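Trainee: Take a look at data-v9.pdb, PDB, C-alpha atoms:
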ATOM      1  CA  MET A   1     -28.553 -18.926 -24.886
ATOM      2  CA  ARG A   2     -24.870 -19.574 -24.395
ATOM      3  CA  PRO A   3     -22.517 -16.700 -25.292
ATOM      4  CA  SER A   4     -20.628 -17.277 -28.537
ATOM      5  CA  ARG A   5     -17.218 -18.880 -28.056
ATOM      6  CA  LEU A   6     -15.848 -16.696 -30.831
ATOM      7  CA  ALA A   7     -17.281 -13.600 -29.126
ATOM      8  CA  GLN A   8     -15.612 -14.574 -25.882
ATOM      9  CA  ALA A   9     -12.301 -15.246 -27.571
ATOM     10  CA  VAL A  10     -12.167 -12.096 -29.679
ATOM     11  CA  THR A  11     -13.125  -9.916 -26.728
ATOM     12  CA  ALA A  12     -10.330 -11.498 -24.749
ATOM     13  CA  TRP A  13      -7.839 -11.159 -27.593
ATOM     14  CA  LEU A  14      -8.638  -7.488 -28.173
ATOM     15  CA  GLY A  15      -7.882  -6.854 -24.528
ATOM     16  CA  LEU A  16      -4.691  -8.927 -24.676
ATOM     17  CA  ALA A  17      -2.786  -7.398 -27.570
ATOM     18  CA  GLY A  18       0.958  -7.433 -27.061
ATOM     19  CA  VAL A  19       1.640  -8.376 -23.428
ATOM     20  CA  ALA A  20      -1.895  -9.455 -22.542
ATOM     21  CA  LEU A  21      -2.559  -5.897 -21.513
ATOM     22  CA  LEU A  22      -4.578  -5.557 -18.347
ATOM     23  CA  ALA A  23      -5.466  -9.206 -17.915
ATOM     24  CA  GLY A  24      -5.210 -10.515 -14.403
ATOM     25  CA  ALA A  25      -6.889 -11.127 -11.097
ATOM     26  CA  VAL A  26      -9.581  -8.917  -9.614
ATOM     27  CA  ALA A  27      -8.628  -8.533  -5.979
ATOM     28  CA  ARG A  28      -9.202  -5.974  -3.259
ATOM     29  CA  ALA A  29      -6.095  -3.834  -2.858
ATOM     30  CA  ASP A  30      -4.852  -2.658   0.518
ATOM     31  CA  ASP A  31      -6.020   0.890  -0.212
ATOM     32  CA  ALA A  32      -9.352  -0.414  -1.609
ATOM     33  CA  ARG A  33      -8.809   1.186  -5.013
ATOM     34  CA  HIS A  34      -9.776  -0.470  -8.272
ATOM     35  CA  VAL A  35      -9.904   0.339 -11.968
ATOM     36  CA  PHE A  36     -13.430   1.551 -11.300
ATOM     37  CA  TRP A  37     -14.945   5.057 -11.409
ATOM     38  CA  GLU A  38     -18.345   6.613 -10.860
ATOM     39  CA  VAL A  39     -19.603   9.701 -12.670
ATOM     40  CA  LYS A  40     -22.594  11.755 -11.582
ATOM     41  CA  GLY A  41     -25.148  12.774 -14.182
ATOM     42  CA  ALA A  42     -28.060  15.141 -13.767
ATOM     43  CA  HIS A  43     -30.285  12.451 -12.244
ATOM     44  CA  ASN A  44     -28.201   9.274 -12.185
ATOM     45  CA  THR A  45     -24.817   7.674 -11.597
ATOM     46  CA  LEU A  46     -22.713   6.095 -14.338
ATOM     47  CA  TYR A  47     -20.279   3.378 -13.261
ATOM     48  CA  LEU A  48     -17.144   2.801 -15.354
ATOM     49  CA  VAL A  49     -15.543  -0.611 -14.844
ATOM     50  CA  GLY A  50     -12.130  -1.505 -16.276
ATOM     51  CA  SER A  51     -12.761  -4.947 -17.687
ATOM     52  CA  VAL A  52     -10.338  -7.810 -17.108
ATOM     53  CA  HIS A  53     -10.983 -10.229 -19.937
ATOM     54  CA  LEU A  54      -9.107 -13.283 -18.644
ATOM     55  CA  LEU A  55      -8.829 -14.391 -15.035
ATOM     56  CA  LYS A  56      -7.534 -17.387 -13.168
ATOM     57  CA  SER A  57     -10.484 -19.146 -11.600
ATOM     58  CA  GLY A  58      -9.106 -18.750  -8.088
ATOM     59  CA  ASP A  59      -8.903 -14.983  -8.485
ATOM     60  CA  SER A  60     -12.245 -14.306 -10.130
ATOM     61  CA  ALA A  61     -14.307 -12.836  -7.281
ATOM     62  CA  LEU A  62     -15.449  -9.322  -8.172
ATOM     63  CA  PRO A  63     -14.796  -6.556  -5.608
ATOM     64  CA  PRO A  64     -17.842  -5.711  -3.449
ATOM     65  CA  GLU A  65     -17.898  -2.157  -4.864
ATOM     66  CA  ILE A  66     -18.393  -3.463  -8.402
ATOM     67  CA  GLN A  67     -21.007  -5.988  -7.298
ATOM     68  CA  GLN A  68     -22.962  -3.253  -5.524
ATOM     69  CA  ALA A  69     -22.704  -0.913  -8.523
ATOM     70  CA  TYR A  70     -23.990  -3.700 -10.771
ATOM     71  CA  ARG A  71     -27.021  -4.192  -8.519
ATOM     72  CA  HIS A  72     -27.802  -0.456  -8.741
ATOM     73  CA  SER A  73     -27.488  -0.406 -12.534
ATOM     74  CA  ALA A  74     -30.492  -0.848 -14.786
ATOM     75  CA  THR A  75     -28.434  -1.469 -17.930
ATOM     76  CA  LEU A  76     -25.082  -3.112 -18.658
ATOM     77  CA  VAL A  77     -23.137  -1.436 -21.490
ATOM     78  CA  MET A  78     -20.251  -3.485 -22.921
ATOM     79  CA  GLU A  79     -17.864  -3.551 -25.864
ATOM     80  CA  LEU A  80     -19.765  -6.593 -27.171
ATOM     81  CA  ASN A  81     -22.993  -8.180 -26.078
ATOM     82  CA  LEU A  82     -21.625 -11.633 -25.287
ATOM     83  CA  ASN A  83     -25.184 -12.940 -25.010
ATOM     84  CA  ASP A  84     -25.946 -12.037 -28.634
ATOM     85  CA  GLU A  85     -25.073 -15.142 -30.636
ATOM     86  CA  SER A  86     -25.752 -14.049 -34.181
ATOM     87  CA  ALA A  87     -25.999 -16.425 -37.095
ATOM     88  CA  ASN A  88     -22.608 -15.224 -38.330
ATOM     89  CA  ALA A  89     -20.745 -15.741 -35.035
ATOM     90  CA  LEU A  90     -18.895 -18.853 -36.205
ATOM     91  CA  THR A  91     -19.466 -18.837 -39.960
ATOM     92  CA  GLY A  92     -19.989 -16.427 -42.815
ATOM     93  CA  PRO A  93     -18.293 -13.028 -43.218
ATOM     94  CA  THR A  94     -17.171 -12.785 -39.592
ATOM     95  CA  ALA A  95     -15.200 -16.023 -39.654
ATOM     96  CA  GLN A  96     -14.060 -15.361 -43.235
ATOM     97  CA  SER A  97     -12.370 -12.158 -42.044
ATOM     98  CA  THR A  98      -9.924 -14.238 -39.994
ATOM     99  CA  LEU A  99      -8.731 -16.184 -43.070
ATOM    100  CA  LEU A 100      -6.318 -15.463 -45.889
ATOM    101  CA  PRO A 101      -7.762 -15.164 -49.407
ATOM    102  CA  GLU A 102      -8.484 -18.478 -51.092
ATOM    103  CA  GLY A 103      -5.367 -20.102 -52.457
ATOM    104  CA  GLN A 104      -3.014 -18.331 -50.032
ATOM    105  CA  SER A 105      -1.274 -19.764 -46.983
ATOM    106  CA  LEU A 106       0.720 -18.461 -44.043
ATOM    107  CA  SER A 107       3.866 -20.097 -45.324
ATOM    108  CA  GLN A 108       3.559 -17.924 -48.430
ATOM    109  CA  ALA A 109       2.457 -14.781 -46.592
ATOM    110  CA  LEU A 110       5.170 -14.814 -43.924
ATOM    111  CA  GLY A 111       8.347 -15.905 -45.657
ATOM    112  CA  PRO A 112      10.608 -18.742 -44.460
ATOM    113  CA  GLU A 113      12.152 -17.118 -41.359
ATOM    114  CA  LEU A 114       8.958 -15.812 -39.753
ATOM    115  CA  TYR A 115       7.049 -18.946 -40.712
ATOM    116  CA  ALA A 116       9.719 -21.143 -39.093
ATOM    117  CA  SER A 117       9.374 -19.120 -35.890
ATOM    118  CA  LEU A 118       5.592 -19.534 -36.011
ATOM    119  CA  LEU A 119       5.922 -23.298 -36.429
ATOM    120  CA  ALA A 120       8.384 -23.571 -33.528
ATOM    121  CA  HIS A 121       6.035 -21.749 -31.153
ATOM    122  CA  SER A 122       3.012 -23.692 -32.435
ATOM    123  CA  ARG A 123       4.727 -27.018 -31.750
ATOM    124  CA  ARG A 124       5.626 -25.967 -28.213
ATOM    125  CA  LEU A 125       1.963 -25.147 -27.606
ATOM    126  CA  GLY A 126       0.797 -28.438 -29.104
ATOM    127  CA  LEU A 127      -0.903 -26.732 -32.057
ATOM    128  CA  PRO A 128      -0.590 -28.504 -35.445
ATOM    129  CA  ALA A 129       0.744 -26.328 -38.238
ATOM    130  CA  GLU A 130      -2.274 -27.084 -40.432
ATOM    131  CA  ALA A 131      -4.550 -25.599 -37.772
ATOM    132  CA  VAL A 132      -3.270 -22.072 -38.474
ATOM    133  CA  GLU A 133      -2.054 -22.419 -42.062
ATOM    134  CA  HIS A 134      -4.916 -20.427 -43.583
ATOM    135  CA  PHE A 135      -5.344 -17.827 -40.831
ATOM    136  CA  GLN A 136      -4.455 -14.218 -41.447
ATOM    137  CA  PRO A 137      -1.215 -13.378 -39.586
ATOM    138  CA  TRP A 138      -2.996 -11.257 -36.949
ATOM    139  CA  PHE A 139      -5.385 -14.102 -36.136
ATOM    140  CA  ALA A 140      -2.592 -16.673 -35.920
ATOM    141  CA  ALA A 141      -0.867 -14.325 -33.439
ATOM    142  CA  MET A 142      -4.021 -14.073 -31.330
ATOM    143  CA  VAL A 143      -4.554 -17.843 -31.282
ATOM    144  CA  LEU A 144      -0.982 -18.475 -30.101
ATOM    145  CA  GLU A 145      -1.238 -15.779 -27.448
ATOM    146  CA  GLN A 146      -4.582 -17.118 -26.253
ATOM    147  CA  LEU A 147      -3.216 -20.651 -25.963
ATOM    148  CA  THR A 148      -0.149 -19.423 -24.082
ATOM    149  CA  LEU A 149      -2.287 -17.692 -21.464
ATOM    150  CA  VAL A 150      -4.775 -20.548 -21.218
ATOM    151  CA  GLN A 151      -1.895 -22.919 -20.526
ATOM    152  CA  ALA A 152      -0.781 -20.485 -17.793
ATOM    153  CA  GLY A 153      -4.195 -20.875 -16.150
ATOM    154  CA  TYR A 154      -6.230 -17.948 -17.473
ATOM    155  CA  GLU A 155      -9.869 -18.414 -18.536
ATOM    156  CA  SER A 156     -12.132 -16.098 -20.518
ATOM    157  CA  GLY A 157     -15.156 -17.582 -18.748
ATOM    158  CA  ALA A 158     -13.828 -16.326 -15.417
ATOM    159  CA  GLY A 159     -13.261 -12.783 -16.693
ATOM    160  CA  VAL A 160     -15.179  -9.691 -15.658
ATOM    161  CA  ASP A 161     -17.056  -9.535 -18.969
ATOM    162  CA  MET A 162     -18.438 -13.042 -18.739
ATOM    163  CA  GLN A 163     -19.231 -12.807 -15.027
ATOM    164  CA  LEU A 164     -21.326  -9.681 -15.527
ATOM    165  CA  THR A 165     -22.909 -11.083 -18.685
ATOM    166  CA  ARG A 166     -24.046 -14.171 -16.808
ATOM    167  CA  SER A 167     -25.430 -12.010 -13.998
ATOM    168  CA  ALA A 168     -27.334  -9.826 -16.467
ATOM    169  CA  MET A 169     -28.762 -12.905 -18.195
ATOM    170  CA  ALA A 170     -29.933 -14.334 -14.871
ATOM    171  CA  ASP A 171     -31.386 -10.975 -13.778
ATOM    172  CA  HIS A 172     -32.975 -10.246 -17.182
ATOM    173  CA  LYS A 173     -31.018  -6.999 -17.250
ATOM    174  CA  PRO A 174     -30.572  -5.351 -20.684
ATOM    175  CA  ILE A 175     -27.114  -5.527 -22.277
ATOM    176  CA  VAL A 176     -26.162  -2.801 -24.755
ATOM    177  CA  ALA A 177     -23.185  -3.261 -27.093
ATOM    178  CA  LEU A 178     -20.869  -0.443 -28.137
ATOM    179  CA  GLU A 179     -19.633  -2.445 -31.131
ATOM    180  CA  THR A 180     -20.390  -5.488 -33.251
ATOM    181  CA  MET A 181     -18.264  -8.588 -33.719
ATOM    182  CA  ASP A 182     -17.597  -7.591 -37.344
ATOM    183  CA  GLU A 183     -16.285  -4.200 -36.222
ATOM    184  CA  GLN A 184     -13.939  -5.706 -33.648
ATOM    185  CA  ILE A 185     -12.484  -8.266 -36.036
ATOM    186  CA  GLY A 186     -12.220  -5.569 -38.694
ATOM    187  CA  PHE A 187      -9.726  -3.603 -36.584
ATOM    188  CA  PHE A 188      -7.213  -6.357 -37.295
ATOM    189  CA  SER A 189      -8.318  -7.835 -40.614
ATOM    190  CA  HIS A 190      -8.012  -4.445 -42.333
ATOM    191  CA  LEU A 191      -4.372  -4.048 -41.344
ATOM    192  CA  ALA A 192      -1.949  -4.087 -44.267
ATOM    193  CA  PRO A 193      -0.037  -7.358 -44.800
ATOM    194  CA  ALA A 194       3.225  -5.800 -43.585
ATOM    195  CA  GLU A 195       1.516  -4.527 -40.408
ATOM    196  CA  GLN A 196       0.045  -7.960 -39.767
ATOM    197  CA  ARG A 197       3.466  -9.575 -40.146
ATOM    198  CA  ASP A 198       4.963  -7.047 -37.720
ATOM    199  CA  PHE A 199       2.178  -7.774 -35.248
ATOM    200  CA  LEU A 200       2.785 -11.518 -35.497
ATOM    201  CA  ARG A 201       6.552 -11.057 -35.185
ATOM    202  CA  GLY A 202       6.142  -8.970 -32.032
ATOM    203  CA  THR A 203       3.665 -11.431 -30.550
ATOM    204  CA  LEU A 204       5.995 -14.372 -31.114
ATOM    205  CA  LYS A 205       8.855 -12.442 -29.515
ATOM    206  CA  ASP A 206       6.778 -11.816 -26.381
ATOM    207  CA  LEU A 207       5.271 -15.284 -25.941
ATOM    208  CA  ASP A 208       8.132 -16.582 -23.813
ATOM    209  CA  THR A 209       7.623 -13.768 -21.275
ATOM    210  CA  ALA A 210       3.840 -13.523 -21.514
ATOM    211  CA  ASP A 211       3.310 -15.063 -18.087
ATOM    212  CA  SER A 212       5.783 -12.789 -16.269
ATOM    213  CA  ASP A 213       4.627  -9.725 -18.219
ATOM    214  CA  THR A 214       1.032 -10.475 -17.269
ATOM    215  CA  ALA A 215       2.033 -10.999 -13.636
ATOM    216  CA  ALA A 216       3.476  -7.467 -13.540
ATOM    217  CA  VAL A 217       0.220  -6.069 -14.875
ATOM    218  CA  VAL A 218      -1.752  -8.157 -12.375
ATOM    219  CA  ARG A 219       0.185  -6.668  -9.467
ATOM    220  CA  ALA A 220      -0.559  -3.134 -10.670
ATOM    221  CA  TRP A 221      -4.212  -4.039 -11.180
ATOM    222  CA  GLN A 222      -4.518  -5.503  -7.706
ATOM    223  CA  ARG A 223      -3.132  -2.301  -6.194
ATOM    224  CA  GLY A 224      -5.404  -0.118  -8.282
ATOM    225  CA  ASP A 225      -2.173   1.511  -9.465
ATOM    226  CA  VAL A 226      -3.410   3.473 -12.463
ATOM    227  CA  GLY A 227      -0.041   5.212 -12.848
ATOM    228  CA  GLU A 228       1.738   1.884 -13.304
ATOM    229  CA  LEU A 229      -0.904   0.656 -15.727
ATOM    230  CA  GLU A 230      -0.478   3.849 -17.747
ATOM    231  CA  ARG A 231       3.283   3.270 -17.846
ATOM    232  CA  LEU A 232       2.803  -0.270 -19.129
ATOM    233  CA  PHE A 233       0.333   0.980 -21.711
ATOM    234  CA  ARG A 234       2.774   3.654 -22.931
ATOM    235  CA  GLU A 235       5.395   0.945 -23.477
ATOM    236  CA  GLU A 236       2.921  -1.036 -25.532
ATOM    237  CA  ARG A 237       1.966   2.021 -27.602
ATOM    238  CA  ALA A 238       5.648   2.678 -28.336
ATOM    239  CA  ASP A 239       5.962  -0.778 -29.925
ATOM    240  CA  SER A 240       2.793  -0.545 -32.051
ATOM    241  CA  PRO A 241       1.580   3.083 -32.097
ATOM    242  CA  GLN A 242      -0.715   2.797 -35.117
ATOM    243  CA  LEU A 243      -2.388  -0.390 -33.940
ATOM    244  CA  MET A 244      -2.817   0.841 -30.384
ATOM    245  CA  ARG A 245      -4.307   4.136 -31.628
ATOM    246  CA  LEU A 246      -6.761   2.119 -33.697
ATOM    247  CA  LEU A 247      -7.646  -0.181 -30.804
ATOM    248  CA  THR A 248      -7.904   2.423 -28.055
ATOM    249  CA  THR A 249      -7.847   6.151 -28.841
ATOM    250  CA  ASP A 250     -10.048   6.005 -31.931
ATOM    251  CA  ARG A 251     -12.574   3.717 -30.289
ATOM    252  CA  ASN A 252     -12.715   5.834 -27.120
ATOM    253  CA  ARG A 253     -13.643   8.886 -29.164
ATOM    254  CA  ARG A 254     -16.354   6.980 -31.021
ATOM    255  CA  TRP A 255     -17.806   5.694 -27.761
ATOM    256  CA  LEU A 256     -17.685   9.010 -25.881
ATOM    257  CA  PRO A 257     -20.956  10.544 -27.235
ATOM    258  CA  ARG A 258     -22.888   7.396 -26.346
ATOM    259  CA  ILE A 259     -21.388   7.297 -22.859
ATOM    260  CA  ILE A 260     -22.174  10.970 -22.265
ATOM    261  CA  ALA A 261     -25.760  10.330 -23.395
ATOM    262  CA  LEU A 262     -26.070   7.754 -20.594
ATOM    263  CA  LEU A 263     -25.520  10.565 -18.091
ATOM    264  CA  ASP A 264     -28.946  11.905 -19.057
ATOM    265  CA  ASP A 265     -30.721   8.685 -18.055
ATOM    266  CA  GLU A 266     -33.144   8.570 -15.174
ATOM    267  CA  HIS A 267     -31.543   5.332 -13.924
ATOM    268  CA  ASP A 268     -28.000   4.210 -13.135
ATOM    269  CA  ASP A 269     -25.946   2.386 -15.768
ATOM    270  CA  MET A 270     -22.730   0.376 -15.751
ATOM    271  CA  VAL A 271     -20.192   0.634 -18.608
ATOM    272  CA  VAL A 272     -17.735  -2.263 -18.830
ATOM    273  CA  VAL A 273     -14.808  -1.823 -21.241
ATOM    274  CA  GLY A 274     -11.230  -3.012 -21.373
ATOM    275  CA  ALA A 275      -9.274  -1.260 -18.633
ATOM    276  CA  MET A 276      -6.864   0.273 -21.127
ATOM    277  CA  HIS A 277      -9.805   2.330 -22.441
ATOM    278  CA  LEU A 278     -10.173   4.122 -19.108
ATOM    279  CA  ILE A 279      -6.589   5.181 -18.402
ATOM    280  CA  GLY A 280      -4.165   7.704 -19.874
ATOM    281  CA  ASP A 281      -4.609  11.089 -21.516
ATOM    282  CA  ASP A 282      -6.831   9.619 -24.254
ATOM    283  CA  GLY A 283      -8.784   7.328 -21.934
ATOM    284  CA  LEU A 284     -12.483   7.718 -21.293
ATOM    285  CA  VAL A 285     -11.924   9.070 -17.785
ATOM    286  CA  ALA A 286      -9.709  11.879 -19.106
ATOM    287  CA  LEU A 287     -12.097  12.574 -21.997
ATOM    288  CA  LEU A 288     -15.016  12.908 -19.572
ATOM    289  CA  LYS A 289     -13.006  15.271 -17.372
ATOM    290  CA  ARG A 290     -12.338  17.480 -20.394
ATOM    291  CA  ARG A 291     -16.101  17.622 -20.952
ATOM    292  CA  GLY A 292     -16.600  18.925 -17.421
ATOM    293  CA  TYR A 293     -17.534  15.729 -15.605
ATOM    294  CA  GLU A 294     -15.844  14.556 -12.406
ATOM    295  CA  PRO A 295     -15.165  10.788 -12.435
ATOM    296  CA  VAL A 296     -14.233   9.491  -8.965
ATOM    297  CA  GLN A 297     -12.062   6.383  -8.636
ATOM    298  CA  HIS A 298     -12.972   3.790  -6.009
TER     299      HIS A 298
END
Before anything else, please render the file you have as structure tokens.

Mentor:
Amino acid sequence: MRPSRLAQAVTAWLGLAGVALLAGAVARADDARHVFWEVKGAHNTLYLVGSVHLLKSGDSALPPEIQQAYRHSATLVMELNLNDESANALTGPTAQSTLLPEGQSLSQALGPELYASLLAHSRRLGLPAEAVEHFQPWFAAMVLEQLTLVQAGYESGAGVDMQLTRSAMADHKPIVALETMDEQIGFFSHLAPAEQRDFLRGTLKDLDTADSDTAAVVRAWQRGDVGELERLFREERADSPQLMRLLTTDRNRRWLPRIIALLDDEHDDMVVVGAMHLIGDDGLVALLKRRGYEPVQH
């Protein structure tokens, strides 16, 4: 079964809000550090991998440490199970949540100035206006951002999520999802109209520098420089605090009990989530430390 294209795209987009946060190449840094931790349970080891959702194909080789940890893991735990292609993946309520109510259009929802900016960026990307006319503003923003990064050479199929999903499929290794597709799309579709317009406005403003912004994040990722990644994340939170709390802090706290439960397994497990979920004071690493565990970065 091929992973859903919509699942791939939404996973990538959720990890790329604003400045394509934490997308980039997986490469071995000089000091051999990565956005990768291990946590000891009573009888097992839990591996925490900071997922990179989009990679350039030439930079897609996973570090040996992550490959070895995957081999030791009996179960792969991910934000979404990208191998679970449900009947609603491309149609029904899930797809409907990306659209404006019937009879409404983006030109009406955005107003003339913001809509003109959307059209200008769409034309530069080769995207016809009618292709996005009935999308909710948040989804139009994600599509434009995705296209910008794809044109810069990034591919969701080369990302950490899809690489490990393909390995698990080939190895018949169980994949456990922390969330459903409906839940992930709901984070955006439930935003108020004004918040969606602000999100689109900010995305359009950043499109021209998306490549250079991503390159800065890539360099920090390659060095395993968690401090720099935290700084970049703080800047992003300052621009959209409510959205970033919804996308990161709130989800981390919902996931934490399930992740702690894995530390009681008799076998090793690997948890793969967007790297921004592992860093900072509200990241999963810090939350585990406050519960008395001792995550070790490699």

Trainee: Using only C-alpha atoms, which of the listed residues (A:Val273, A:Val77, A:Leu229, A:Val49) sits closest to A:Thr214?

Mentor: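 Ranked by minimum distance to A:Thr214, first place goes to A:Leu229.
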
Trainee: Do a neighbour search on A:Gln151 at 12 Å with all atoms listed in the file, toss out local chain neighbours closer than 2 positions, and write the hits as a list in words.

Mentor: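 Returned residues: Lys56, Arg124, Leu125, Gly126, Leu144, Glu145, Gln146, Leu147, Thr148, Leu149, Gly153, Tyr154, Glu155, Leu207, Ala210 and Asp211 of chain A.
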
Trainee: Could you please determine the separation between atom CA of A:Pro257 and atom CA of A:His190 in Å, to one decimal place?

Mentor: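 That distance, rounded to one decimal, is 24.9 Å.
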
Trainee: As a list in words, please: the residues near stretch 240-246 of chain A (cut-off 10 Å, only C-alpha atoms, same-chain neighbours under 6 positions excluded).

Mentor: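 Here the answer would be Ala17, Gly18, Phe187, Phe188, Leu191, Glu195, Gln196, Asp198, Phe199, Gly202, Phe233, Arg234, Asn252 and Asp282 of chain A.
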
Trainee: Could you spell out the hits of the PyMOL selection byres ((chain A and resi 58) around 10) on the shown file, as a compact mmCIF listing (two decimals) with C-alpha atoms, keeping the file's coordinate frame?

Mentor:
# COMPACT_ATOMS: atom_id res chain seq x y z
CA ALA A 25 -6.89 -11.13 -11.10
CA VAL A 26 -9.58 -8.92 -9.61
CA LEU A 55 -8.83 -14.39 -15.04
CA LYS A 56 -7.53 -17.39 -13.17
CA SER A 57 -10.48 -19.15 -11.60
CA ASP A 59 -8.90 -14.98 -8.48
CA SER A 60 -12.24 -14.31 -10.13
CA ALA A 61 -14.31 -12.84 -7.28
CA GLY A 153 -4.20 -20.88 -16.15
CA TYR A 154 -6.23 -17.95 -17.47
CA ALA A 158 -13.83 -16.33 -15.42

Trainee: Would you be able to write out as a list in words which residues have an atom within 8 Å of (-6.5, -1.8, -10.8) in the file's coordinates, counting only C-alpha atoms?

Mentor: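 Neighbouring residues, ordered by chain and number, come to Val26, Arg33, His34, Val35, Phe36, Gly50, Ala220, Trp221, Gln222, Arg223, Gly224, Asp225, Val226 and Leu229 of chain A.
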
Trainee: Extract, using all atoms listed in the file, all DNA, RNA and protein residues at most 8 Å from A:Pro174, discarding same-chain residues fewer than 3 positions from it, and format them as a PDB file with C-alpha atoms, in the coordinates of the input.

Mentor:
ATOM      1  CA  ALA A  74     -30.492  -0.848 -14.786  1.00  0.00           C
ATOM      2  CA  THR A  75     -28.434  -1.469 -17.930  1.00  0.00           C
ATOM      3  CA  LEU A  76     -25.082  -3.112 -18.658  1.00  0.00           C
ATOM      4  CA  ALA A 168     -27.334  -9.826 -16.467  1.00  0.00           C
TER       5      ALA A 168
END

Trainee: With distances taken over all atoms listed in the file, which of A:Pro128, A:Pro63, A:Gly283, A:Pro101 is nearest to A:Pro295?

Mentor: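 Result for the nearest residue to A:Pro295: A:Gly283.
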
Trainee: When distances are computed from only C-alpha atoms, which of A:Ile185, A:Ala141, A:Leu48, A:Ile175 shows the smallest separation from A:Val296?

Mentor: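 Smallest distance to A:Val296 is found for A:Leu48.
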
Trainee: I need the output of the PyMOL selection byres ((chain A and resi 71) around 12) for this file as a list in words; which residues are they?

Mentor: Tyr47, Pro64, Glu65, Ile66, Gln67, Gln68, Ala69, Tyr70, His72, Ser73, Ala74, Thr75, Leu76, Leu164, Ser167, Ala168, Asp171, Lys173, His267, Asp268, Asp269 and Met270 of chain A

Trainee: Got a sec to resolve the PyMOL selection byres ((chain A and resi 275) around 6) on this structure and send the residues as a PyMOL selection string?

Mentor: chain A and resi 50-51+274+276-278

Trainee: So which one's closest to A:Trp255, A:Asp161, A:Glu228, A:Asp206, A:Glu179? Using only C-alpha atoms, please.

Mentor: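 Among the listed residues, A:Glu179 lies closest to A:Trp255.
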
Trainee: Within 8 Å of (-19.7, -3.8, -26.9) (file coordinates; only C-alpha atoms), which protein or nucleic acid residues are there? I'd like them as number ranges by chain.

Mentor: A: 77-81, 176-180, 273

Trainee: Specify the axis-aligned box that encloses all atoms of stretch 111-130 of chain A listed in the file after padding of 3 Å on each side, stating its centre and edge lengths in Å to one decimal as JSON.

Mentor:
{"center_x": 4.9, "center_y": -22.2, "center_z": -36.6, "size_x": 20.4, "size_y": 18.7, "size_z": 24.1}
